[in-house]
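Shown here: upload.pdb, PDB, C-alpha atoms, pLDDT in the B column.
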```pdb
ATOM      1  CA  MET W   1      -7.073-129.008  18.466  1.00 76.00           C
ATOM      2  CA  LEU W   2      -7.965-129.534  22.098  1.00 83.00           C
ATOM      3  CA  ASP W   3      -6.913-132.777  23.707  1.00 85.00           C
ATOM      4  CA  ARG W   4     -10.137-134.844  23.987  1.00 88.00           C
ATOM      5  CA  ASP W   5      -9.170-136.398  27.324  1.00 90.00           C
ATOM      6  CA  ARG W   6      -8.426-133.017  28.904  1.00 91.00           C
ATOM      7  CA  ALA W   7     -11.581-131.477  27.397  1.00 91.00           C
ATOM      8  CA  SER W   8     -13.797-134.338  28.591  1.00 92.00           C
ATOM      9  CA  ALA W   9     -12.595-133.873  32.169  1.00 95.00           C
ATOM     10  CA  ILE W  10     -13.541-130.172  32.317  1.00 97.00           C
ATOM     11  CA  ARG W  11     -16.465-129.237  34.577  1.00 97.00           C
ATOM     12  CA  LEU W  12     -15.507-125.618  35.281  1.00 98.00           C
ATOM     13  CA  LEU W  13     -14.252-123.064  32.751  1.00 98.00           C
ATOM     14  CA  GLY W  14     -12.474-120.112  34.325  1.00 98.00           C
ATOM     15  CA  LEU W  15     -12.095-116.937  32.296  1.00 98.00           C
ATOM     16  CA  ASP W  16      -9.855-114.003  32.980  1.00 98.00           C
ATOM     17  CA  VAL W  17     -11.722-110.836  32.010  1.00 98.00           C
ATOM     18  CA  ASP W  18      -9.423-108.070  30.768  1.00 97.00           C
ATOM     19  CA  GLY W  19      -7.631-109.307  27.666  1.00 97.00           C
ATOM     20  CA  VAL W  20      -9.753-112.471  27.388  1.00 98.00           C
ATOM     21  CA  LEU W  21     -13.403-111.413  27.501  1.00 98.00           C
ATOM     22  CA  THR W  22     -12.367-107.893  26.489  1.00 97.00           C
ATOM     23  CA  ASP W  23      -9.805-106.527  24.065  1.00 96.00           C
ATOM     24  CA  ASN W  24      -7.878-105.061  27.043  1.00 93.00           C
ATOM     25  CA  ALA W  25      -9.249-101.561  26.434  1.00 91.00           C
ATOM     26  CA  VAL W  26     -10.699 -99.626  29.351  1.00 90.00           C
ATOM     27  CA  PHE W  27     -12.477 -96.353  28.674  1.00 91.00           C
ATOM     28  CA  LEU W  28     -12.561 -94.030  31.682  1.00 88.00           C
ATOM     29  CA  GLY W  29     -14.425 -90.785  32.054  1.00 92.00           C
ATOM     30  CA  ALA W  30     -16.714 -88.818  34.290  1.00 90.00           C
ATOM     31  CA  VAL W  31     -20.424 -88.196  33.988  1.00 90.00           C
ATOM     32  CA  GLY W  32     -21.898 -85.693  36.401  1.00 92.00           C
ATOM     33  CA  GLY W  33     -18.724 -85.871  38.464  1.00 91.00           C
ATOM     34  CA  GLU W  34     -18.993 -89.661  38.812  1.00 90.00           C
ATOM     35  CA  ARG W  35     -16.305 -91.991  37.496  1.00 90.00           C
ATOM     36  CA  VAL W  36     -17.544 -94.114  34.587  1.00 89.00           C
ATOM     37  CA  GLU W  37     -15.771 -97.108  33.080  1.00 90.00           C
ATOM     38  CA  PHE W  38     -16.618 -98.858  29.833  1.00 93.00           C
ATOM     39  CA  LYS W  39     -15.273-102.087  28.345  1.00 95.00           C
ATOM     40  CA  ARG W  40     -15.888-103.791  25.025  1.00 95.00           C
ATOM     41  CA  PHE W  41     -17.209-107.363  25.230  1.00 96.00           C
ATOM     42  CA  ASP W  42     -17.694-109.647  22.210  1.00 96.00           C
ATOM     43  CA  ILE W  43     -21.333-110.641  21.612  1.00 95.00           C
ATOM     44  CA  GLN W  44     -20.434-114.088  20.214  1.00 96.00           C
ATOM     45  CA  ASP W  45     -18.541-114.829  23.437  1.00 97.00           C
ATOM     46  CA  GLY W  46     -21.811-114.096  25.224  1.00 95.00           C
ATOM     47  CA  LEU W  47     -23.755-116.520  23.055  1.00 95.00           C
ATOM     48  CA  GLY W  48     -21.115-119.118  23.878  1.00 97.00           C
ATOM     49  CA  HIS W  49     -22.042-118.749  27.542  1.00 97.00           C
ATOM     50  CA  ALA W  50     -25.638-119.595  26.617  1.00 95.00           C
ATOM     51  CA  LEU W  51     -24.424-122.714  24.778  1.00 96.00           C
ATOM     52  CA  LEU W  52     -22.685-123.929  27.928  1.00 95.00           C
ATOM     53  CA  ARG W  53     -25.804-123.733  30.094  1.00 92.00           C
ATOM     54  CA  GLY W  54     -26.984-127.249  30.811  1.00 90.00           C
ATOM     55  CA  SER W  55     -23.877-128.842  29.264  1.00 94.00           C
ATOM     56  CA  GLY W  56     -22.276-129.870  32.542  1.00 94.00           C
ATOM     57  CA  ILE W  57     -19.603-127.164  32.258  1.00 96.00           C
ATOM     58  CA  GLU W  58     -19.983-124.172  34.546  1.00 97.00           C
ATOM     59  CA  VAL W  59     -18.361-120.787  33.871  1.00 98.00           C
ATOM     60  CA  ALA W  60     -16.568-118.586  36.379  1.00 98.00           C
ATOM     61  CA  TRP W  61     -14.971-115.224  35.702  1.00 98.00           C
ATOM     62  CA  ILE W  62     -11.798-114.584  37.687  1.00 98.00           C
ATOM     63  CA  SER W  63     -10.465-111.066  37.253  1.00 96.00           C
ATOM     64  CA  GLY W  64      -7.495-109.425  38.910  1.00 93.00           C
ATOM     65  CA  ARG W  65      -9.266-106.072  38.782  1.00 93.00           C
ATOM     66  CA  GLN W  66     -12.453-104.603  40.268  1.00 93.00           C
ATOM     67  CA  SER W  67     -14.820-103.207  37.641  1.00 94.00           C
ATOM     68  CA  GLU W  68     -18.509-102.382  37.578  1.00 94.00           C
ATOM     69  CA  ALA W  69     -18.511-103.065  33.816  1.00 95.00           C
ATOM     70  CA  THR W  70     -17.398-106.641  34.561  1.00 97.00           C
ATOM     71  CA  THR W  71     -20.123-107.025  37.193  1.00 97.00           C
ATOM     72  CA  LEU W  72     -22.784-105.733  34.801  1.00 96.00           C
ATOM     73  CA  ARG W  73     -21.758-107.962  31.889  1.00 97.00           C
ATOM     74  CA  GLY W  74     -21.453-111.016  34.131  1.00 97.00           C
ATOM     75  CA  ALA W  75     -24.967-110.441  35.458  1.00 97.00           C
ATOM     76  CA  GLU W  76     -26.314-109.936  31.937  1.00 96.00           C
ATOM     77  CA  LEU W  77     -24.861-113.297  30.882  1.00 97.00           C
ATOM     78  CA  ARG W  78     -26.089-114.977  34.099  1.00 96.00           C
ATOM     79  CA  VAL W  79     -22.560-115.922  35.165  1.00 97.00           C
ATOM     80  CA  GLU W  80     -23.047-117.213  38.707  1.00 94.00           C
ATOM     81  CA  THR W  81     -19.448-116.728  39.802  1.00 97.00           C
ATOM     82  CA  VAL W  82     -17.706-113.438  39.074  1.00 98.00           C
ATOM     83  CA  LEU W  83     -14.622-113.086  41.261  1.00 97.00           C
ATOM     84  CA  GLN W  84     -12.790-109.771  41.183  1.00 97.00           C
ATOM     85  CA  VAL W  85      -9.742-110.351  43.344  1.00 96.00           C
ATOM     86  CA  HIS W  86      -6.183-109.111  43.641  1.00 93.00           C
ATOM     87  CA  PRO W  87      -4.080-110.874  40.977  1.00 88.00           C
ATOM     88  CA  ALA W  88      -1.975-112.549  43.668  1.00 88.00           C
ATOM     89  CA  THR W  89      -5.076-114.196  45.130  1.00 93.00           C
ATOM     90  CA  LYS W  90      -6.441-115.818  41.966  1.00 96.00           C
ATOM     91  CA  VAL W  91      -5.108-119.272  42.897  1.00 97.00           C
ATOM     92  CA  PRO W  92      -6.560-119.301  46.450  1.00 97.00           C
ATOM     93  CA  ALA W  93      -9.891-117.993  45.113  1.00 97.00           C
ATOM     94  CA  ILE W  94      -9.992-120.764  42.507  1.00 98.00           C
ATOM     95  CA  GLU W  95      -9.010-123.380  45.103  1.00 98.00           C
ATOM     96  CA  GLN W  96     -12.013-122.317  47.207  1.00 97.00           C
ATOM     97  CA  LEU W  97     -14.247-122.425  44.142  1.00 97.00           C
ATOM     98  CA  LEU W  98     -13.077-125.933  43.226  1.00 98.00           C
ATOM     99  CA  ALA W  99     -13.408-127.182  46.818  1.00 98.00           C
ATOM    100  CA  ALA W 100     -16.971-125.819  47.056  1.00 98.00           C
ATOM    101  CA  ARG W 101     -17.855-127.842  43.958  1.00 97.00           C
ATOM    102  CA  GLY W 102     -15.931-130.958  44.944  1.00 98.00           C
ATOM    103  CA  LEU W 103     -13.621-130.621  41.919  1.00 98.00           C
ATOM    104  CA  GLY W 104      -9.892-130.987  41.440  1.00 98.00           C
ATOM    105  CA  TRP W 105      -7.649-128.888  39.239  1.00 98.00           C
ATOM    106  CA  GLU W 106      -7.890-131.496  36.458  1.00 97.00           C
ATOM    107  CA  ALA W 107     -11.577-130.534  36.037  1.00 98.00           C
ATOM    108  CA  PHE W 108     -10.676-126.862  35.617  1.00 98.00           C
ATOM    109  CA  ALA W 109      -9.853-125.099  32.354  1.00 98.00           C
ATOM    110  CA  PHE W 110      -8.602-121.527  32.429  1.00 98.00           C
ATOM    111  CA  VAL W 111      -8.260-118.934  29.677  1.00 98.00           C
ATOM    112  CA  GLY W 112      -5.687-116.223  30.287  1.00 98.00           C
ATOM    113  CA  ASP W 113      -3.451-113.691  28.601  1.00 98.00           C
ATOM    114  CA  ASP W 114      -0.873-112.180  30.950  1.00 97.00           C
ATOM    115  CA  PHE W 115       1.591-112.795  33.793  1.00 96.00           C
ATOM    116  CA  ALA W 116      -1.081-112.779  36.518  1.00 95.00           C
ATOM    117  CA  ASP W 117      -2.530-115.922  34.912  1.00 97.00           C
ATOM    118  CA  LEU W 118       0.673-117.998  35.003  1.00 97.00           C
ATOM    119  CA  PRO W 119       0.195-119.374  38.552  1.00 97.00           C
ATOM    120  CA  VAL W 120      -3.258-120.592  37.474  1.00 98.00           C
ATOM    121  CA  PHE W 121      -1.814-122.114  34.271  1.00 98.00           C
ATOM    122  CA  GLU W 122       0.604-124.191  36.380  1.00 97.00           C
ATOM    123  CA  ARG W 123      -2.328-125.923  38.083  1.00 98.00           C
ATOM    124  CA  ALA W 124      -5.185-125.974  35.565  1.00 98.00           C
ATOM    125  CA  GLY W 125      -6.095-129.242  33.886  1.00 97.00           C
ATOM    126  CA  LEU W 126      -6.403-127.277  30.657  1.00 97.00           C
ATOM    127  CA  ALA W 127      -4.545-123.969  30.280  1.00 98.00           C
ATOM    128  CA  ILE W 128      -5.598-121.889  27.288  1.00 98.00           C
ATOM    129  CA  ALA W 129      -3.977-118.688  26.033  1.00 98.00           C
ATOM    130  CA  VAL W 130      -5.702-116.218  23.729  1.00 98.00           C
ATOM    131  CA  ALA W 131      -3.877-115.505  20.462  1.00 98.00           C
ATOM    132  CA  ASN W 132      -2.596-112.121  21.629  1.00 98.00           C
ATOM    133  CA  ALA W 133      -1.430-113.352  25.048  1.00 98.00           C
ATOM    134  CA  ARG W 134       2.052-112.568  26.270  1.00 98.00           C
ATOM    135  CA  PRO W 135       4.657-114.973  24.775  1.00 98.00           C
ATOM    136  CA  GLU W 136       5.405-116.356  28.250  1.00 98.00           C
ATOM    137  CA  VAL W 137       1.733-117.271  28.659  1.00 98.00           C
ATOM    138  CA  ARG W 138       1.456-118.862  25.203  1.00 98.00           C
ATOM    139  CA  GLU W 139       4.563-120.975  25.979  1.00 98.00           C
ATOM    140  CA  ARG W 140       2.838-122.507  29.012  1.00 98.00           C
ATOM    141  CA  ALA W 141      -0.550-123.099  27.385  1.00 98.00           C
ATOM    142  CA  HIS W 142      -1.980-126.463  26.372  1.00 96.00           C
ATOM    143  CA  TYR W 143      -3.874-124.634  23.638  1.00 97.00           C
ATOM    144  CA  ILE W 144      -3.668-121.207  21.978  1.00 98.00           C
ATOM    145  CA  THR W 145      -6.762-119.722  20.371  1.00 98.00           C
ATOM    146  CA  THR W 146      -6.718-118.382  16.836  1.00 98.00           C
ATOM    147  CA  ALA W 147      -8.880-115.422  17.918  1.00 98.00           C
ATOM    148  CA  ALA W 148      -7.599-112.557  20.038  1.00 98.00           C
ATOM    149  CA  GLY W 149      -9.015-111.727  23.447  1.00 98.00           C
ATOM    150  CA  GLY W 150     -12.225-109.725  23.161  1.00 97.00           C
ATOM    151  CA  HIS W 151     -12.621-110.825  19.551  1.00 98.00           C
ATOM    152  CA  GLY W 152     -14.237-114.256  19.820  1.00 98.00           C
ATOM    153  CA  ALA W 153     -11.524-116.178  21.701  1.00 98.00           C
ATOM    154  CA  VAL W 154     -13.931-117.262  24.433  1.00 98.00           C
ATOM    155  CA  ARG W 155     -16.511-118.458  21.896  1.00 98.00           C
ATOM    156  CA  GLU W 156     -13.747-120.415  20.143  1.00 98.00           C
ATOM    157  CA  VAL W 157     -12.814-122.086  23.449  1.00 98.00           C
ATOM    158  CA  ILE W 158     -16.432-122.887  24.327  1.00 98.00           C
ATOM    159  CA  ASP W 159     -17.142-124.368  20.892  1.00 97.00           C
ATOM    160  CA  LEU W 160     -13.967-126.458  20.999  1.00 96.00           C
ATOM    161  CA  LEU W 161     -14.648-127.669  24.554  1.00 96.00           C
ATOM    162  CA  LEU W 162     -18.170-128.735  23.635  1.00 96.00           C
ATOM    163  CA  GLN W 163     -17.017-130.437  20.427  1.00 95.00           C
ATOM    164  CA  ALA W 164     -13.987-132.208  21.938  1.00 92.00           C
ATOM    165  CA  SER W 165     -16.023-133.488  24.885  1.00 91.00           C
ATOM    166  CA  GLY W 166     -18.893-134.750  22.703  1.00 92.00           C
ATOM    167  CA  ARG W 167     -21.390-132.184  24.036  1.00 93.00           C
ATOM    168  CA  TRP W 168     -21.738-129.981  20.926  1.00 96.00           C
ATOM    169  CA  ASP W 169     -24.879-131.469  19.357  1.00 96.00           C
ATOM    170  CA  ALA W 170     -26.830-131.471  22.629  1.00 96.00           C
ATOM    171  CA  ALA W 171     -25.683-127.926  23.486  1.00 95.00           C
ATOM    172  CA  THR W 172     -26.692-126.464  20.132  1.00 95.00           C
ATOM    173  CA  ALA W 173     -30.028-128.303  20.118  1.00 94.00           C
ATOM    174  CA  ARG W 174     -30.757-127.092  23.671  1.00 93.00           C
ATOM    175  CA  TYR W 175     -29.888-123.520  22.697  1.00 92.00           C
ATOM    176  CA  LEU W 176     -31.955-123.545  19.509  1.00 91.00           C
ATOM    177  CA  GLN W 177     -34.981-124.796  21.434  1.00 90.00           C
ATOM    178  CA  SER W 178     -34.582-122.183  24.181  1.00 84.00           C
ATOM    179  CA  ALA W 179     -36.423-118.894  24.504  1.00 69.00           C
ATOM    180  CA  GLU W 180     -33.013-117.213  24.450  1.00 66.00           C
ATOM    181  CA  ALA W 181     -32.514-118.179  20.797  1.00 63.00           C
ATOM    182  CA  ARG W 182     -35.958-116.907  19.837  1.00 62.00           C
ATOM    183  CA  SER W 183     -35.542-113.489  21.456  1.00 61.00           C
TER     184      SER W 183
END
```
Represent the supplied structure as structure tokens.
Amino acid sequence: MLDRDRASAIRLLGLDVDGVLTDNAVFLGAVGGERVEFKRFDIQDGLGHALLRGSGIEVAWISGRQSEATTLRGAELRVETVLQVHPATKVPAIEQLLAARGLGWEAFAFVGDDFADLPVFERAGLAIAVANARPEVRERAHYITTAAGGHGAVREVIDLLLQASGRWDAATARYLQSAEARS
């Protein structure tokens, strides 16, 4: 279970993309001579993003890899901040993001799966590893999901964050009353 004090302090949820929002698979090909990349995203993770809207917890995607598929999915889910930076620059990018919002690291939760996420884990107020994360990442996590990356881990985190911080009932009521739920 998530620590209620840590969960209540969270105002920004950072998500790695490959291995967290996806199952780590990348499908590459060419169509008409143009490079095409596909990724698999979990639909329930997407609905979790809708639950967070209006809850007081913002979402930011922080990927160590450039990908048009990431850009497209982020736009579809109305994620305002999608950072695709070199893995070594994740921490400075997050520091800028936090400073722009007037937040400290204690207000930041991050979900990761691999070595590039460890420097972020060292600073995050709540470090979360997906079930299939590298052992070194799981060892440093405050919480480990039961679901694997790309298979509902993000939805699990969102649900737990909302429940542990006392925001669940309001978030679900807001969602069920929204046009998004009726479409």
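We find atom CA of W:Ile128 and atom CA of W:Tyr175 to be spaced 24.8 Å apart.
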- Task: Could you tell me which residues the PyMOL selection byres ((chain W and resi 149) around 12) grabs in this file, written as number ranges by chain?
- Result: W: 15-25, 40-42, 45, 111-114, 128-134, 144-148, 150-157
- Would you work out the distance separating atom CA of W:Leu118 from atom CA of W:Leu72, expressed in Å to one decimal? 26.5 Å
- Message: Which residues would end up in the selection if the PyMOL selection byres ((chain W and resi 48-61) around 8) were applied here, given that I need the answer as a count of residues only?
- Response: 32
- atom CA of W:Glu68 to atom CA of W:Val26 measures 11.7 Å
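Between W:Arg73 and the residues W:Val85, W:Ile43, W:Ala30, W:Leu98, the shortest atom-to-atom distance, using all atoms listed in the file, involves W:Ile43.
Using only C-alpha atoms, the smallest distance between any of W:Asp3, W:Ala9, W:Gly32, W:Asp117 and W:Leu103 comes from W:Ala9.
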- Using only C-alpha atoms, find the one residue out of W:Leu97, W:Ala116, W:Leu2, W:Ala173 that sits nearest to W:Arg65. W:Ala116
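Using all atoms listed in the file, the nearest neighbour of W:Gln163 within the list W:Val120, W:Ala75, W:Ala7, W:Leu176 is W:Ala7.
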Around all listed atoms of stretch 37-47 of chain W, padded 8 Å per side, what centre and edge lengths does the axis-aligned box have in Å to one decimal, as AutoDock Vina command-line options?
```
--center_x -19.5 --center_y -106.8 --center_z 26.6 --size_x 24.5 --size_y 35.4 --size_z 28.9
```
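Applied to the shown file, the PyMOL selection byres ((chain W and resi 140) around 8) selects the residues Leu118, Phe121, Glu122, Ala127, Glu136, Val137, Arg138, Glu139, Ala141 and His142 of chain W.
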Residues as selected, C-alpha atoms, written as a PDB file, in the coordinates of the input, can you do that?
```
ATOM      1  CA  LEU W 118       0.673-117.998  35.003  1.00 97.00           C
ATOM      2  CA  PHE W 121      -1.814-122.114  34.271  1.00 98.00           C
ATOM      3  CA  GLU W 122       0.604-124.191  36.380  1.00 97.00           C
ATOM      4  CA  ALA W 127      -4.545-123.969  30.280  1.00 98.00           C
ATOM      5  CA  GLU W 136       5.405-116.356  28.250  1.00 98.00           C
ATOM      6  CA  VAL W 137       1.733-117.271  28.659  1.00 98.00           C
ATOM      7  CA  ARG W 138       1.456-118.862  25.203  1.00 98.00           C
ATOM      8  CA  GLU W 139       4.563-120.975  25.979  1.00 98.00           C
ATOM      9  CA  ALA W 141      -0.550-123.099  27.385  1.00 98.00           C
ATOM     10  CA  HIS W 142      -1.980-126.463  26.372  1.00 96.00           C
TER      11      HIS W 142
END
```
